[in-house]
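**Q** Let me begin by handing over the structure; questions about it come next.
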Number of protein chains: 2
Amino acid sequence: MDGHTDSSPSWCLGAPLEQLPTPALTLDQEKMRRNAERMQERCRSLGLRLRPHVKTHKTLEGAELATGGTRRGIVVSTLAEARFFAAGGFDDILYAYPLPASRLEECATLAQRLQAFQVLLDNPQALELLRQRPLPGGKRWLVWLKLDCGNGRAGVSPTDPNSLALARAIAEETPEKVTLVGVYAHCGNTYSCRDVPSIQAIARATTAAVLDFVTALRQAGVPCPQATIGSTPSCSHPVPEMAQLTELHPGNYIFYDLQQSQVGSCQLEDVAIRVLTRVIGHYPHRNQLLVDCGWAALSLHGQNQGPAGCATIEGHPQLRLVGLTQEHGLVEAVGGQMDFERFPLGSLLALIPYHACATAAMHPVYYVHAEGKVVELWRPVRGW
Amino acid sequence: MDGHTDSSPSWCLGAPLEQLPTPALTLDQEKMRRNAERMQERCRSLGLRLRPHVKTHKTLEGAELATGGTRRGIVVSTLAEARFFAAGGFDDILYAYPLPASRLEECATLAQRLQAFQVLLDNPQALELLRQRPLPGGKRWLVWLKLDCGNGRAGVSPTDPNSLALARAIAEETPEKVTLVGVYAHCGNTYSCRDVPSIQAIARATTAAVLDFVTALRQAGVPCPQATIGSTPSCSHPVPEMAQLTELHPGNYIFYDLQQSQVGSCQLEDVAIRVLTRVIGHYPHRNQLLVDCGWAALSLHGQNQGPAGCATIEGHPQLRLVGLTQEHGLVEAVGGQMDFERFPLGSLLALIPYHACATAAMHPVYYVHAEGKVVELWRPVRGW
């Protein structure tokens, strides 16, 4: 990596967290390992394969951890991720994004290179594209059909007869060129929940919709080997019915975040991600502290109820973020006078961000720590 | 730059915009040049120096354009920017951020290396830090005092007697180590305006507050060579009183954005930045299009009134963004039926983002175009 994007000299390795330049995205190694193991254990006990989504962290190390070291079986949402993980030794990569015609050649390159580069589609035109661009050497396109089971983003409706027809077309029309691997649903609608029972109700409904579709397919004589649903909320508290699927594909759970703790996916103490920031100004006439973390290091996610929604300040419930500009954050005392002596210039605060995916997207390097010291530097891929 | 952050192969140079992989941040070269020239002309006619802030674009090319090719006299808000521009041949760099104790050595390195690396402070502790860390070889710290003239972020109040005392201390206490270069105010409060007269009222008040402070200093026998205010709204419609300052330091104006057009800084046709995106899904049962631009390529800035606030869709006032997740955008027809035939899968839409600084922060490369073709690739610095 060239100098100008590298703001993390190697001296940081081994350094105490207190010495890091701020703002800094830090990750608690022990919490990440525990989060990864718990998800692996949930999938094992359900008899399902875990195919982790890597979009939250976008790092080789994070995916290594999430796959339990196998480096096989991940989900990506961009072709930049697909190329990065392929170059990093990963295989069995599902590009779970509506196949874009303009990127077909890039997909073909990956499909030829990897043992199992898999694509996803939700319309007949995309299937036609694959047919018109067969892979050489007898290789077939590995295709998942995207189902929309109530999330309202991409996907075909599992109750629409055209969806069965599309699945059949993928499976049968040109079997020498294209194979139906499975059906894929993302229950992102769980993010609007505020407790575990309502998350589980969505997970149950999504699972039922997916399984009904697969059953109808099989009854029509169409093989559909795989069935997967995902979203960190649903996979953090899986319902028994999910055991009838074949895979789960959550992503955020390695880090978790404030939002996930509010939704009910985790406890606040499970959240592995922080943004470290320092106090850089005292403004007693406004009763405010200034910190060196703005939206450029945090994102504005969670701000619908004001900047206080973007992060909580660990260990200091009496403090809250009240303003975020590009490189500055304003902090106030909740119900009274700021204790400036307690937060001298230079003192370190740890922000627990609302949305880990969005905060991680702002950082060129993540500082992984154990026992108070930096033990690894992770560098994410960016772009498309 | 290594492969995984480079999603812009050189084949893009010379290619028509229609061939770019999406989402793509594009910049209209002609509009940027005109925006840069107009700001230079405004400053010339006021007899002021333009010291452009580079935080919006963070590129060597953008700063070259904004300085009229001199590569001297810029403002940065991070040390990563300072190092990047110093390495790129820029000098006279003002690090206009409350001097952080933890980064003092990095500042000292830059101060020793450059002819004029300048720092800013707003408290006596920061001045003491500089005194305790004198520069070698007879070099002096070049210091600006930050004034808060109503913006309510960093800075001392120009009417507080302690502020005059601090300015005097910078100028006089250890003249062999520290020099007072000038006073600096950012009138970011202009962003809450909705018309030019209210912007100009703030610009007038900020200018008066700064000049009153400088006058009081001079009457007290303290030399204060420079006085500067900034913000793209105030500098896009300067008031005559600003001619009594010495510098202006706007930044966003090279690109402008939807917000600036709403505030009154520019016309929508002056905005040089777009995010190109393609239609990747048709969902007639929801009357929605899916596009391949989510918050990862746009940011959520402007979303206070919903995703429609984050961008306008150029040339299609009947379309609006109604949802943004990481890599997906949902588009609806404003008051009726979506004309799906008009927007087939693969068709290109151009989004005019609400906040150029925030959108630019999401992209590892910017595609600069002229006459419909990519003519330059700009790569911004990131991190801190």
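Residues in the structure tokens are named by chain (A, B, ... in the order shown) and by number from 1 within that chain; ligands are numbered from 1 in the order shown.
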Leaving out Gly62 (chain B) and any residue of its chain fewer than 4 positions from it, which residues lie within 9 Å of it when counting only C-alpha atoms, given as a ChimeraX atom specification?
**A** /B:32,54,57-58,66-67,254,378
**Q** Name the residues in contact with Ser198 (chain A) at a cut-off of 10 Å, using only C-alpha atoms, excluding same-chain residues fewer than 6 positions from it; report them as a PyMOL selection string.
**A** chain A and resi 190+192+204+234+263-264
**Q** Hey, what's within 10 Å of Gly89 (chain A) if we count only C-alpha atoms and toss same-chain stuff fewer than 4 positions away? As a list in words, please?
**A**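 Returned residues: Leu60, Arg71, Arg72, Phe84, Phe85 and Leu114 of chain A.
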**Q** Set the distance at 10 Å and use only C-alpha atoms: which residues neighbour Leu268 (chain A) once local chain neighbours fewer than 6 positions away are removed? I'd like the list as a PyMOL selection string.
**A** chain A and resi 256-262+314+352
**Q** Please produce a file of those selected residues containing C-alpha atoms, as an mmCIF file, in the first residue's frame.
**A**
```
data_model
loop_
_atom_site.group_PDB
_atom_site.id
_atom_site.type_symbol
_atom_site.label_atom_id
_atom_site.label_comp_id
_atom_site.auth_asym_id
_atom_site.auth_seq_id
_atom_site.Cartn_x
_atom_site.Cartn_y
_atom_site.Cartn_z
ATOM 1 C CA TYR A 256 -21.840 -6.237 16.379
ATOM 2 C CA ASP A 257 -22.706 -2.602 17.158
ATOM 3 C CA LEU A 258 -25.009 -0.290 19.079
ATOM 4 C CA GLN A 259 -27.884 -0.931 16.679
ATOM 5 C CA GLN A 260 -27.576 -4.708 17.086
ATOM 6 C CA SER A 261 -27.647 -4.300 20.862
ATOM 7 C CA GLN A 262 -30.771 -2.139 20.556
ATOM 8 C CA GLU A 314 -18.423 3.861 26.676
ATOM 9 C CA ILE A 352 -19.539 2.480 20.410
#
```
**Q** Applying 10 Å and only C-alpha atoms, which residues near Arg168 (chain A) remain after dropping the ones on its own chain fewer than 3 positions away? List them as a list in words.
**A**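 Listing them by chain and then by number gives Asn162, Ser163, Leu164, Ala165, Ala171, Glu172, Glu173, Leu180, Leu217, Ala220, Gly221, Val222, Pro223 and Cys224 of chain A.
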**Q** Just how far from CA of Leu17 (chain A) is CA of Ala296 (chain A), in Å to one decimal?
**A**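 Between CA of Ala296 (chain A) and CA of Leu17 (chain A) the gap is 20.4 Å.
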**Q** Identify, on the basis of only C-alpha atoms, every residue whose closest approach to Leu377 (chain B) does not exceed 10 Å; exclude the query and any residue fewer than 3 positions from it along the same chain; express the result as a JSON list (two decimals) with C-alpha atoms, in the first residue's frame.
**A**
```
[["chain", "number", "residue", "atom", "x", "y", "z"],
["B", 8, "SER", "CA", -10.09, 1.82, -11.50],
["B", 9, "PRO", "CA", -7.94, 0.13, -14.09],
["B", 10, "SER", "CA", -6.20, 2.49, -16.43],
["B", 12, "CYS", "CA", -10.94, 3.85, -17.96],
["B", 13, "LEU", "CA", -8.81, 6.73, -19.23],
["B", 26, "THR", "CA", -17.54, 11.55, -11.61],
["B", 27, "LEU", "CA", -16.30, 15.14, -11.79],
["B", 61, "GLU", "CA", -5.05, 17.49, -8.61],
["B", 365, "VAL", "CA", -11.02, 7.12, -7.01],
["B", 366, "TYR", "CA", -12.77, 9.98, -8.79],
["B", 367, "TYR", "CA", -13.34, 9.89, -12.55],
["B", 368, "VAL", "CA", -12.75, 13.33, -14.08],
["B", 369, "HIS", "CA", -14.46, 13.79, -17.42],
["B", 374, "VAL", "CA", -12.71, 10.10, -18.67],
["B", 380, "PRO", "CA", -7.76, 11.02, -2.50]]
```
